[in-house]
$ cat work-v2.pdb   # PDB, C-alpha atoms, pLDDT in the B column
ATOM      1  CA  MET O   1     -21.013  -2.156 -19.644  1.00 43.00           C
ATOM      2  CA  LYS O   2     -22.856   1.076 -20.385  1.00 43.00           C
ATOM      3  CA  LYS O   3     -23.600   1.973 -23.939  1.00 45.00           C
ATOM      4  CA  LYS O   4     -25.812   4.443 -25.674  1.00 44.00           C
ATOM      5  CA  LEU O   5     -27.709   3.118 -28.635  1.00 45.00           C
ATOM      6  CA  VAL O   6     -28.821   5.494 -31.329  1.00 42.00           C
ATOM      7  CA  ASN O   7     -32.558   5.634 -32.049  1.00 44.00           C
ATOM      8  CA  ILE O   8     -33.337   2.580 -34.178  1.00 42.00           C
ATOM      9  CA  SER O   9     -36.338   4.042 -35.966  1.00 45.00           C
ATOM     10  CA  PHE O  10     -35.888   4.866 -39.619  1.00 42.00           C
ATOM     11  CA  GLN O  11     -37.333   8.307 -38.919  1.00 49.00           C
ATOM     12  CA  GLY O  12     -34.845   9.212 -36.181  1.00 54.00           C
ATOM     13  CA  GLY O  13     -31.603   7.762 -37.469  1.00 62.00           C
ATOM     14  CA  SER O  14     -29.694   7.368 -40.669  1.00 68.00           C
ATOM     15  CA  ASP O  15     -29.460   3.984 -42.325  1.00 67.00           C
ATOM     16  CA  SER O  16     -25.863   3.609 -41.116  1.00 65.00           C
ATOM     17  CA  GLU O  17     -26.905   4.362 -37.500  1.00 70.00           C
ATOM     18  CA  VAL O  18     -29.632   1.730 -37.708  1.00 69.00           C
ATOM     19  CA  LEU O  19     -27.228  -0.801 -39.227  1.00 66.00           C
ATOM     20  CA  PHE O  20     -24.612   0.037 -36.577  1.00 67.00           C
ATOM     21  CA  ASN O  21     -27.110  -0.655 -33.775  1.00 70.00           C
ATOM     22  CA  LEU O  22     -28.271  -3.885 -35.370  1.00 70.00           C
ATOM     23  CA  LEU O  23     -24.666  -5.071 -35.638  1.00 66.00           C
ATOM     24  CA  ILE O  24     -24.056  -4.210 -31.962  1.00 73.00           C
ATOM     25  CA  LEU O  25     -27.113  -6.225 -30.946  1.00 74.00           C
ATOM     26  CA  LYS O  26     -26.065  -9.109 -33.196  1.00 74.00           C
ATOM     27  CA  GLY O  27     -22.578  -9.077 -31.617  1.00 75.00           C
ATOM     28  CA  GLU O  28     -23.990  -9.104 -28.083  1.00 83.00           C
ATOM     29  CA  LYS O  29     -26.222 -12.058 -28.929  1.00 82.00           C
ATOM     30  CA  ALA O  30     -23.312 -13.910 -30.544  1.00 83.00           C
ATOM     31  CA  VAL O  31     -21.191 -13.432 -27.392  1.00 85.00           C
ATOM     32  CA  LYS O  32     -23.970 -14.724 -25.117  1.00 88.00           C
ATOM     33  CA  ASP O  33     -24.659 -17.686 -27.416  1.00 85.00           C
ATOM     34  CA  LEU O  34     -20.958 -18.591 -27.545  1.00 87.00           C
ATOM     35  CA  LYS O  35     -20.612 -18.371 -23.759  1.00 88.00           C
ATOM     36  CA  ASN O  36     -23.628 -20.650 -23.314  1.00 86.00           C
ATOM     37  CA  LYS O  37     -22.306 -23.141 -25.895  1.00 86.00           C
ATOM     38  CA  LEU O  38     -18.888 -23.314 -24.214  1.00 87.00           C
ATOM     39  CA  THR O  39     -20.364 -23.563 -20.718  1.00 84.00           C
ATOM     40  CA  GLU O  40     -22.577 -26.448 -21.839  1.00 85.00           C
ATOM     41  CA  SER O  41     -19.741 -28.183 -23.680  1.00 82.00           C
ATOM     42  CA  LEU O  42     -17.351 -27.936 -20.712  1.00 81.00           C
ATOM     43  CA  ILE O  43     -19.873 -28.765 -17.961  1.00 76.00           C
ATOM     44  CA  GLY O  44     -17.879 -31.861 -16.973  1.00 72.00           C
ATOM     45  CA  TYR O  45     -14.879 -29.638 -16.172  1.00 71.00           C
ATOM     46  CA  LYS O  46     -16.798 -27.150 -14.019  1.00 69.00           C
ATOM     47  CA  ASN O  47     -14.916 -28.027 -10.817  1.00 73.00           C
ATOM     48  CA  SER O  48     -11.727 -29.158 -12.548  1.00 79.00           C
ATOM     49  CA  GLY O  49     -10.028 -25.885 -13.326  1.00 87.00           C
ATOM     50  CA  ILE O  50     -12.013 -24.467 -16.256  1.00 91.00           C
ATOM     51  CA  SER O  51     -14.311 -21.479 -16.123  1.00 91.00           C
ATOM     52  CA  VAL O  52     -16.216 -19.634 -18.844  1.00 92.00           C
ATOM     53  CA  ILE O  53     -17.194 -16.022 -18.262  1.00 91.00           C
ATOM     54  CA  GLU O  54     -18.439 -13.106 -20.307  1.00 92.00           C
ATOM     55  CA  LYS O  55     -16.711  -9.788 -19.608  1.00 92.00           C
ATOM     56  CA  ASP O  56     -16.478  -6.529 -21.538  1.00 90.00           C
ATOM     57  CA  GLY O  57     -18.134  -7.962 -24.634  1.00 88.00           C
ATOM     58  CA  LYS O  58     -15.749 -10.936 -24.801  1.00 92.00           C
ATOM     59  CA  VAL O  59     -15.876 -14.583 -23.747  1.00 93.00           C
ATOM     60  CA  TYR O  60     -13.045 -15.849 -21.548  1.00 96.00           C
ATOM     61  CA  VAL O  61     -12.261 -19.549 -21.169  1.00 95.00           C
ATOM     62  CA  SER O  62      -9.852 -19.753 -18.244  1.00 95.00           C
ATOM     63  CA  LEU O  63      -7.862 -22.947 -17.633  1.00 95.00           C
ATOM     64  CA  ASP O  64      -5.866 -23.390 -14.419  1.00 94.00           C
ATOM     65  CA  ASN O  65      -2.260 -24.358 -14.921  1.00 93.00           C
ATOM     66  CA  SER O  66      -2.849 -27.313 -12.591  1.00 92.00           C
ATOM     67  CA  LEU O  67      -5.068 -28.738 -15.335  1.00 93.00           C
ATOM     68  CA  LEU O  68      -2.554 -28.092 -18.116  1.00 96.00           C
ATOM     69  CA  PHE O  69       1.053 -27.996 -16.923  1.00 96.00           C
ATOM     70  CA  GLN O  70       3.455 -29.195 -14.276  1.00 93.00           C
ATOM     71  CA  SER O  71       5.324 -26.456 -12.424  1.00 91.00           C
ATOM     72  CA  GLY O  72       7.767 -24.619 -14.697  1.00 92.00           C
ATOM     73  CA  LYS O  73       6.955 -26.849 -17.690  1.00 94.00           C
ATOM     74  CA  THR O  74       5.426 -26.200 -21.108  1.00 96.00           C
ATOM     75  CA  ASP O  75       4.314 -29.726 -22.030  1.00 97.00           C
ATOM     76  CA  ILE O  76       0.533 -30.143 -21.688  1.00 98.00           C
ATOM     77  CA  ASP O  77      -0.642 -32.913 -19.316  1.00 95.00           C
ATOM     78  CA  TRP O  78      -3.087 -35.562 -20.593  1.00 94.00           C
ATOM     79  CA  LYS O  79      -6.034 -34.109 -18.631  1.00 91.00           C
ATOM     80  CA  GLY O  80      -5.318 -30.705 -20.144  1.00 94.00           C
ATOM     81  CA  LYS O  81      -5.173 -32.232 -23.617  1.00 96.00           C
ATOM     82  CA  THR O  82      -8.594 -33.792 -23.092  1.00 93.00           C
ATOM     83  CA  ALA O  83     -10.038 -30.439 -21.986  1.00 92.00           C
ATOM     84  CA  LEU O  84      -8.418 -28.598 -24.896  1.00 95.00           C
ATOM     85  CA  LEU O  85      -9.944 -31.057 -27.382  1.00 95.00           C
ATOM     86  CA  LYS O  86     -13.390 -30.206 -25.945  1.00 92.00           C
ATOM     87  CA  VAL O  87     -12.625 -26.504 -26.341  1.00 93.00           C
ATOM     88  CA  ALA O  88     -11.437 -27.051 -29.930  1.00 95.00           C
ATOM     89  CA  GLU O  89     -14.581 -29.007 -30.736  1.00 93.00           C
ATOM     90  CA  SER O  90     -16.719 -26.119 -29.457  1.00 91.00           C
ATOM     91  CA  LEU O  91     -14.761 -23.500 -31.406  1.00 92.00           C
ATOM     92  CA  MET O  92     -14.194 -25.459 -34.623  1.00 89.00           C
ATOM     93  CA  ASP O  93     -16.798 -23.656 -36.744  1.00 86.00           C
ATOM     94  CA  LEU O  94     -16.522 -20.312 -34.978  1.00 87.00           C
ATOM     95  CA  GLU O  95     -16.759 -17.356 -37.326  1.00 84.00           C
ATOM     96  CA  ASP O  96     -16.777 -13.629 -36.604  1.00 83.00           C
ATOM     97  CA  PHE O  97     -14.558 -13.971 -33.505  1.00 89.00           C
ATOM     98  CA  ASP O  98     -10.848 -13.416 -32.996  1.00 92.00           C
ATOM     99  CA  ILE O  99      -9.169 -15.975 -30.718  1.00 95.00           C
ATOM    100  CA  MET O 100      -6.241 -15.086 -28.464  1.00 97.00           C
ATOM    101  CA  VAL O 101      -4.596 -17.577 -26.127  1.00 98.00           C
ATOM    102  CA  GLU O 102      -2.903 -15.761 -23.244  1.00 98.00           C
ATOM    103  CA  GLY O 103      -0.413 -17.330 -20.880  1.00 98.00           C
ATOM    104  CA  HIS O 104      -0.284 -15.905 -17.323  1.00 97.00           C
ATOM    105  CA  THR O 105       2.176 -16.602 -14.516  1.00 96.00           C
ATOM    106  CA  ASP O 106       2.499 -15.675 -10.860  1.00 96.00           C
ATOM    107  CA  ASN O 107       5.088 -13.175  -9.590  1.00 95.00           C
ATOM    108  CA  VAL O 108       7.574 -15.760  -8.291  1.00 95.00           C
ATOM    109  CA  PRO O 109      10.710 -15.540 -10.462  1.00 94.00           C
ATOM    110  CA  MET O 110      11.724 -18.708 -12.282  1.00 91.00           C
ATOM    111  CA  LYS O 111      14.540 -19.733 -14.556  1.00 86.00           C
ATOM    112  CA  SER O 112      15.643 -22.982 -16.114  1.00 91.00           C
ATOM    113  CA  ALA O 113      18.086 -24.169 -18.734  1.00 91.00           C
ATOM    114  CA  THR O 114      15.530 -23.571 -21.498  1.00 92.00           C
ATOM    115  CA  ILE O 115      13.212 -20.924 -19.992  1.00 94.00           C
ATOM    116  CA  LYS O 116      14.639 -17.493 -19.323  1.00 95.00           C
ATOM    117  CA  ASP O 117      11.944 -16.088 -17.003  1.00 95.00           C
ATOM    118  CA  ASN O 118       8.180 -15.942 -16.305  1.00 96.00           C
ATOM    119  CA  TRP O 119       7.525 -13.924 -19.442  1.00 96.00           C
ATOM    120  CA  ASP O 120       9.193 -16.587 -21.514  1.00 96.00           C
ATOM    121  CA  LEU O 121       7.185 -19.271 -19.662  1.00 97.00           C
ATOM    122  CA  SER O 122       3.858 -17.485 -20.276  1.00 97.00           C
ATOM    123  CA  VAL O 123       4.530 -17.165 -24.020  1.00 98.00           C
ATOM    124  CA  LEU O 124       5.787 -20.744 -24.373  1.00 97.00           C
ATOM    125  CA  ARG O 125       2.741 -22.140 -22.572  1.00 98.00           C
ATOM    126  CA  ALA O 126       0.362 -20.110 -24.753  1.00 98.00           C
ATOM    127  CA  THR O 127       2.222 -21.353 -27.827  1.00 98.00           C
ATOM    128  CA  SER O 128       1.963 -24.968 -26.600  1.00 98.00           C
ATOM    129  CA  VAL O 129      -1.806 -24.573 -26.234  1.00 98.00           C
ATOM    130  CA  VAL O 130      -2.164 -22.968 -29.678  1.00 98.00           C
ATOM    131  CA  ARG O 131      -0.025 -25.685 -31.238  1.00 98.00           C
ATOM    132  CA  TYR O 132      -2.163 -28.392 -29.613  1.00 98.00           C
ATOM    133  CA  LEU O 133      -5.449 -26.726 -30.630  1.00 98.00           C
ATOM    134  CA  THR O 134      -4.281 -26.446 -34.236  1.00 97.00           C
ATOM    135  CA  THR O 135      -2.626 -29.845 -34.626  1.00 97.00           C
ATOM    136  CA  GLU O 136      -4.677 -32.228 -32.499  1.00 97.00           C
ATOM    137  CA  GLY O 137      -7.806 -30.049 -32.248  1.00 96.00           C
ATOM    138  CA  LYS O 138      -7.704 -29.313 -36.005  1.00 96.00           C
ATOM    139  CA  MET O 139      -8.435 -25.607 -35.506  1.00 95.00           C
ATOM    140  CA  ASP O 140      -7.437 -23.180 -38.248  1.00 94.00           C
ATOM    141  CA  PRO O 141      -4.054 -21.692 -37.223  1.00 95.00           C
ATOM    142  CA  ILE O 142      -4.826 -18.421 -38.968  1.00 93.00           C
ATOM    143  CA  LYS O 143      -7.606 -17.774 -36.421  1.00 91.00           C
ATOM    144  CA  ILE O 144      -5.515 -18.122 -33.232  1.00 96.00           C
ATOM    145  CA  ILE O 145      -2.867 -15.843 -31.707  1.00 96.00           C
ATOM    146  CA  PRO O 146      -0.628 -16.915 -28.788  1.00 97.00           C
ATOM    147  CA  SER O 147       0.327 -14.225 -26.287  1.00 97.00           C
ATOM    148  CA  GLY O 148       2.171 -14.084 -22.971  1.00 97.00           C
ATOM    149  CA  ARG O 149       1.211 -11.693 -20.177  1.00 97.00           C
ATOM    150  CA  ASN O 150       3.714 -12.813 -17.502  1.00 96.00           C
ATOM    151  CA  LYS O 151       2.675 -11.615 -14.025  1.00 96.00           C
ATOM    152  CA  TYR O 152       1.137  -8.349 -15.209  1.00 97.00           C
ATOM    153  CA  VAL O 153      -2.578  -9.279 -15.276  1.00 96.00           C
ATOM    154  CA  PRO O 154      -3.140 -11.096 -11.985  1.00 96.00           C
ATOM    155  CA  ILE O 155      -6.540 -12.322 -10.836  1.00 95.00           C
ATOM    156  CA  ASN O 156      -5.485 -12.040  -7.197  1.00 96.00           C
ATOM    157  CA  THR O 157      -2.694  -9.774  -5.909  1.00 95.00           C
ATOM    158  CA  ASP O 158      -2.218 -11.581  -2.572  1.00 96.00           C
ATOM    159  CA  ASN O 159       0.962 -13.577  -2.070  1.00 94.00           C
ATOM    160  CA  THR O 160      -0.755 -16.657  -0.644  1.00 96.00           C
ATOM    161  CA  PRO O 161      -0.263 -20.047  -2.330  1.00 95.00           C
ATOM    162  CA  GLU O 162      -3.938 -19.989  -3.404  1.00 95.00           C
ATOM    163  CA  ALA O 163      -3.629 -16.515  -4.959  1.00 96.00           C
ATOM    164  CA  LEU O 164      -0.434 -17.429  -6.797  1.00 96.00           C
ATOM    165  CA  ALA O 165      -2.142 -20.566  -8.153  1.00 94.00           C
ATOM    166  CA  GLN O 166      -5.088 -18.481  -9.434  1.00 94.00           C
ATOM    167  CA  ASN O 167      -2.692 -16.279 -11.396  1.00 96.00           C
ATOM    168  CA  ARG O 168      -1.034 -19.229 -13.165  1.00 96.00           C
ATOM    169  CA  ARG O 169      -3.459 -19.861 -16.017  1.00 97.00           C
ATOM    170  CA  ILE O 170      -4.208 -19.900 -19.713  1.00 98.00           C
ATOM    171  CA  GLU O 171      -7.036 -17.714 -20.974  1.00 98.00           C
ATOM    172  CA  ILE O 172      -8.642 -18.247 -24.339  1.00 97.00           C
ATOM    173  CA  ILE O 173     -10.196 -14.889 -25.177  1.00 97.00           C
ATOM    174  CA  LEU O 174     -12.886 -14.759 -27.851  1.00 94.00           C
ATOM    175  CA  THR O 175     -13.533 -11.270 -29.204  1.00 92.00           C
ATOM    176  CA  PRO O 176     -16.200 -10.408 -31.774  1.00 87.00           C
ATOM    177  CA  LYS O 177     -14.665  -9.146 -35.011  1.00 84.00           C
ATOM    178  CA  LEU O 178     -15.412  -5.503 -35.587  1.00 75.00           C
ATOM    179  CA  ASP O 179     -14.805  -5.417 -39.342  1.00 70.00           C
ATOM    180  CA  GLN O 180     -18.436  -4.671 -40.221  1.00 54.00           C
ATOM    181  CA  LEU O 181     -18.718  -1.957 -37.567  1.00 56.00           C
ATOM    182  CA  MET O 182     -15.526  -0.282 -38.740  1.00 63.00           C
ATOM    183  CA  LYS O 183     -16.803  -0.119 -42.319  1.00 61.00           C
ATOM    184  CA  ILE O 184     -19.932   1.681 -41.121  1.00 53.00           C
ATOM    185  CA  LEU O 185     -17.936   4.179 -39.082  1.00 58.00           C
ATOM    186  CA  LYS O 186     -15.800   5.208 -42.084  1.00 61.00           C
TER     187      LYS O 186
END
$ encode --input "work-v2.pdb" --output "structure tokens"
Amino acid sequence: MKKKLVNISFQGGSDSEVLFNLLILKGEKAVKDLKNKLTESLIGYKNSGISVIEKDGKVYVSLDNSLLFQSGKTDIDWKGKTALLKVAESLMDLEDFDIMVEGHTDNVPMKSATIKDNWDLSVLRATSVVRYLTTEGKMDPIKIIPSGRNKYVPINTDNTPEALAQNRRIEIILTPKLDQLMKILK
């Protein structure tokens, strides 16, 4: 990510420019620290369907659907519940970050008596994860937003079984709050 920082000397920049740059640096450090904390906390799940990456100034915790759900279902499996409790424990005291839980599906159409289509499935799965994080994981429900992305943000566009499996996932996206930066820009 390319960015241009304004001169941080008091001689070359206004106080608001200096403060803006300091907040940017603080946000970047907070993202790196959070990624490291989550990676350390979830080390036991490294080869079990959980990955933690930093991308575009955000931290992504990606959980394979094979860890969380049976095909076409929205009830979380026991191994997924265990992993989600670890995630909740790591995020419990998190401040200055917005949390979005996104459900993703593959492009194979599905329908059941209670689920209309893949979009419905992606939203219902994200909601199941948020509900579990807030009830069993004791996370503050005001901090978490469920969202469904359907098939529209694939990791892999191939139509192989492996590619389709990669696209079926839950992503917990942690974004630094920009409230302080917005105040400076006004």
$ closest_residue --input "work-v2.pdb" --among "O:Ala88, O:Arg168, O:Pro154, O:Asn118" --to "Arg131 of chain O" --atoms "only C-alpha atoms"
O:Ala88
$ closest_residue --input "work-v2.pdb" --among "O:Glu95, O:Thr105, O:Asn156, O:Thr74" --to "Leu124 of chain O" --atoms "only C-alpha atoms"
O:Thr74
$ closest_residue --input "work-v2.pdb" --among "O:Glu89, O:Asp64, O:Asp96, O:Glu17" --to "Ile170 of chain O" --atoms "only C-alpha atoms"
O:Asp64
$ axis_aligned_box --input "work-v2.pdb" --around "segment 75-80 of chain O" --padding-each-side "6 Å" --output "AutoDock Vina command-line options"
--center_x -0.9 --center_y -32.6 --center_z -20.3 --size_x 22.3 --size_y 17.8 --size_z 15.4
$ resolve_selection --input "work-v2.pdb" --expression "the PyMOL selection byres ((chain O and resi 109-116) around 12)" --output "list in words"
Ser71, Gly72, Lys73, Thr74, Thr105, Asp106, Asn107, Val108, Asp117, Asn118, Trp119, Asp120, Leu121, Ser122, Val123, Leu124, Arg125, Asn150, Lys151 and Leu164 of chain O
$ residues_around --input "work-v2.pdb" --residues "Glu171 of chain O" --least-positions-apart "3" --cutoff "6 Å" --atoms "only C-alpha atoms" --output "PyMOL selection string"
chain O and resi 61-62+101-102
$ atom_distance --input "work-v2.pdb" --atom1 "atom CA of Leu174 of chain O" --atom2 "atom CA of Tyr132 of chain O"
17.4 Å
$ resolve_selection --input "work-v2.pdb" --expression "the PyMOL selection byres ((chain O and resi 83) around 9)" --output "list in words"
Leu42, Tyr45, Ile50, Leu63, Leu67, Leu68, Trp78, Lys79, Gly80, Lys81, Thr82, Leu84, Leu85, Lys86, Val87 and Ala88 of chain O
$ write_last_selection --input "work-v2.pdb" --atoms "C-alpha atoms" --output "CSV table (one decimal), in the coordinates of the input"
chain,number,residue,atom,x,y,z
O,42,LEU,CA,-17.4,-27.9,-20.7
O,45,TYR,CA,-14.9,-29.6,-16.2
O,50,ILE,CA,-12.0,-24.5,-16.3
O,63,LEU,CA,-7.9,-22.9,-17.6
O,67,LEU,CA,-5.1,-28.7,-15.3
O,68,LEU,CA,-2.6,-28.1,-18.1
O,78,TRP,CA,-3.1,-35.6,-20.6
O,79,LYS,CA,-6.0,-34.1,-18.6
O,80,GLY,CA,-5.3,-30.7,-20.1
O,81,LYS,CA,-5.2,-32.2,-23.6
O,82,THR,CA,-8.6,-33.8,-23.1
O,84,LEU,CA,-8.4,-28.6,-24.9
O,85,LEU,CA,-9.9,-31.1,-27.4
O,86,LYS,CA,-13.4,-30.2,-25.9
O,87,VAL,CA,-12.6,-26.5,-26.3
O,88,ALA,CA,-11.4,-27.1,-29.9
$ residues_around --input "work-v2.pdb" --residues "segment 29-33 of chain O" --least-positions-apart "3" --cutoff "12 Å" --atoms "all atoms listed in the file" --output "ChimeraX atom specification"
/O:22-26,36-40,52-60,90,94-98,173-177
$ write_last_selection --input "work-v2.pdb" --atoms "C-alpha atoms" --output "JSON list (two decimals), in the frame of the given file"
[["chain", "number", "residue", "atom", "x", "y", "z"],
["O", 22, "LEU", "CA", -28.27, -3.88, -35.37],
["O", 23, "LEU", "CA", -24.67, -5.07, -35.64],
["O", 24, "ILE", "CA", -24.06, -4.21, -31.96],
["O", 25, "LEU", "CA", -27.11, -6.22, -30.95],
["O", 26, "LYS", "CA", -26.06, -9.11, -33.20],
["O", 36, "ASN", "CA", -23.63, -20.65, -23.31],
["O", 37, "LYS", "CA", -22.31, -23.14, -25.90],
["O", 38, "LEU", "CA", -18.89, -23.31, -24.21],
["O", 39, "THR", "CA", -20.36, -23.56, -20.72],
["O", 40, "GLU", "CA", -22.58, -26.45, -21.84],
["O", 52, "VAL", "CA", -16.22, -19.63, -18.84],
["O", 53, "ILE", "CA", -17.19, -16.02, -18.26],
["O", 54, "GLU", "CA", -18.44, -13.11, -20.31],
["O", 55, "LYS", "CA", -16.71, -9.79, -19.61],
["O", 56, "ASP", "CA", -16.48, -6.53, -21.54],
["O", 57, "GLY", "CA", -18.13, -7.96, -24.63],
["O", 58, "LYS", "CA", -15.75, -10.94, -24.80],
["O", 59, "VAL", "CA", -15.88, -14.58, -23.75],
["O", 60, "TYR", "CA", -13.04, -15.85, -21.55],
["O", 90, "SER", "CA", -16.72, -26.12, -29.46],
["O", 94, "LEU", "CA", -16.52, -20.31, -34.98],
["O", 95, "GLU", "CA", -16.76, -17.36, -37.33],
["O", 96, "ASP", "CA", -16.78, -13.63, -36.60],
["O", 97, "PHE", "CA", -14.56, -13.97, -33.51],
["O", 98, "ASP", "CA", -10.85, -13.42, -33.00],
["O", 173, "ILE", "CA", -10.20, -14.89, -25.18],
["O", 174, "LEU", "CA", -12.89, -14.76, -27.85],
["O", 175, "THR", "CA", -13.53, -11.27, -29.20],
["O", 176, "PRO", "CA", -16.20, -10.41, -31.77],
["O", 177, "LYS", "CA", -14.66, -9.15, -35.01]]
$ atom_distance --input "work-v2.pdb" --atom1 "atom CA of Thr134 of chain O" --atom2 "atom CA of Arg169 of chain O"
19.4 Å
$ closest_residue --input "work-v2.pdb" --among "O:Gly49, O:Pro141, O:Gly27, O:Pro146" --to "Ala165 of chain O" --atoms "only C-alpha atoms"
O:Gly49
$ atom_distance --input "work-v2.pdb" --atom1 "atom CA of Asn47 of chain O" --atom2 "atom CA of Asn167 of chain O"
17.0 Å
$ closest_residue --input "work-v2.pdb" --among "O:Tyr152, O:Gly103, O:Met92, O:Thr157" --to "Leu133 of chain O" --atoms "only C-alpha atoms"
O:Met92
$ resolve_selection --input "work-v2.pdb" --expression "the PyMOL selection byres ((chain O and resi 144) around 7)" --output "list of chain:residue names"
O:Ile99, O:Met100, O:Val130, O:Pro141, O:Ile142, O:Lys143, O:Ile145, O:Pro146
$ closest_residue --input "work-v2.pdb" --among "O:Asn65, O:Ser128, O:Gln70, O:Thr135" --to "Ser48 of chain O" --atoms "all atoms listed in the file"
O:Asn65
$ build_atoms --input "work-v2.pdb" --residues "segment 87-103 of chain O" --atoms "N, CA, C and O atoms" --output "JSON list (two decimals), in the frame of the given file"
[["chain", "number", "residue", "atom", "x", "y", "z"],
["O", 87, "VAL", "N", -12.58, -27.92, -25.96],
["O", 87, "VAL", "CA", -12.62, -26.50, -26.34],
["O", 87, "VAL", "C", -12.54, -26.38, -27.86],
["O", 87, "VAL", "O", -13.32, -25.65, -28.48],
["O", 88, "ALA", "N", -11.61, -27.11, -28.47],
["O", 88, "ALA", "CA", -11.44, -27.05, -29.93],
["O", 88, "ALA", "C", -12.71, -27.48, -30.64],
["O", 88, "ALA", "O", -13.12, -26.85, -31.63],
["O", 89, "GLU", "N", -13.33, -28.52, -30.15],
["O", 89, "GLU", "CA", -14.58, -29.01, -30.74],
["O", 89, "GLU", "C", -15.66, -27.91, -30.69],
["O", 89, "GLU", "O", -16.39, -27.72, -31.66],
["O", 90, "SER", "N", -15.72, -27.18, -29.61],
["O", 90, "SER", "CA", -16.72, -26.12, -29.46],
["O", 90, "SER", "C", -16.43, -24.92, -30.35],
["O", 90, "SER", "O", -17.33, -24.20, -30.75],
["O", 91, "LEU", "N", -15.15, -24.69, -30.65],
["O", 91, "LEU", "CA", -14.76, -23.50, -31.41],
["O", 91, "LEU", "C", -14.49, -23.78, -32.88],
["O", 91, "LEU", "O", -14.20, -22.85, -33.65],
["O", 92, "MET", "N", -14.58, -25.04, -33.28],
["O", 92, "MET", "CA", -14.19, -25.46, -34.62],
["O", 92, "MET", "C", -14.82, -24.60, -35.72],
["O", 92, "MET", "O", -14.14, -24.14, -36.63],
["O", 93, "ASP", "N", -16.10, -24.38, -35.68],
["O", 93, "ASP", "CA", -16.80, -23.66, -36.74],
["O", 93, "ASP", "C", -17.04, -22.20, -36.39],
["O", 93, "ASP", "O", -17.89, -21.55, -37.01],
["O", 94, "LEU", "N", -16.32, -21.68, -35.44],
["O", 94, "LEU", "CA", -16.52, -20.31, -34.98],
["O", 94, "LEU", "C", -16.11, -19.31, -36.05],
["O", 94, "LEU", "O", -14.99, -19.35, -36.56],
["O", 95, "GLU", "N", -17.03, -18.45, -36.39],
["O", 95, "GLU", "CA", -16.76, -17.36, -37.33],
["O", 95, "GLU", "C", -17.01, -16.04, -36.59],
["O", 95, "GLU", "O", -17.65, -16.01, -35.55],
["O", 96, "ASP", "N", -16.52, -14.97, -37.13],
["O", 96, "ASP", "CA", -16.78, -13.63, -36.60],
["O", 96, "ASP", "C", -16.21, -13.39, -35.20],
["O", 96, "ASP", "O", -16.68, -12.50, -34.49],
["O", 97, "PHE", "N", -15.24, -14.18, -34.78],
["O", 97, "PHE", "CA", -14.56, -13.97, -33.51],
["O", 97, "PHE", "C", -13.05, -14.12, -33.71],
["O", 97, "PHE", "O", -12.60, -14.99, -34.45],
["O", 98, "ASP", "N", -12.30, -13.25, -33.07],
["O", 98, "ASP", "CA", -10.85, -13.42, -33.00],
["O", 98, "ASP", "C", -10.56, -14.25, -31.75],
["O", 98, "ASP", "O", -11.25, -14.13, -30.74],
["O", 99, "ILE", "N", -9.52, -15.09, -31.83],
["O", 99, "ILE", "CA", -9.17, -15.98, -30.72],
["O", 99, "ILE", "C", -7.73, -15.68, -30.28],
["O", 99, "ILE", "O", -6.81, -15.79, -31.08],
["O", 100, "MET", "N", -7.57, -15.29, -29.02],
["O", 100, "MET", "CA", -6.24, -15.09, -28.46],
["O", 100, "MET", "C", -6.06, -16.02, -27.27],
["O", 100, "MET", "O", -6.94, -16.13, -26.42],
["O", 101, "VAL", "N", -4.94, -16.70, -27.25],
["O", 101, "VAL", "CA", -4.60, -17.58, -26.13],
["O", 101, "VAL", "C", -3.50, -16.87, -25.34],
["O", 101, "VAL", "O", -2.40, -16.65, -25.85],
["O", 102, "GLU", "N", -3.84, -16.49, -24.09],
["O", 102, "GLU", "CA", -2.90, -15.76, -23.24],
["O", 102, "GLU", "C", -2.37, -16.66, -22.14],
["O", 102, "GLU", "O", -3.13, -17.30, -21.43],
["O", 103, "GLY", "N", -1.05, -16.65, -22.00],
["O", 103, "GLY", "CA", -0.41, -17.33, -20.88],
["O", 103, "GLY", "C", -0.18, -16.34, -19.75],
["O", 103, "GLY", "O", 0.22, -15.20, -20.00]]
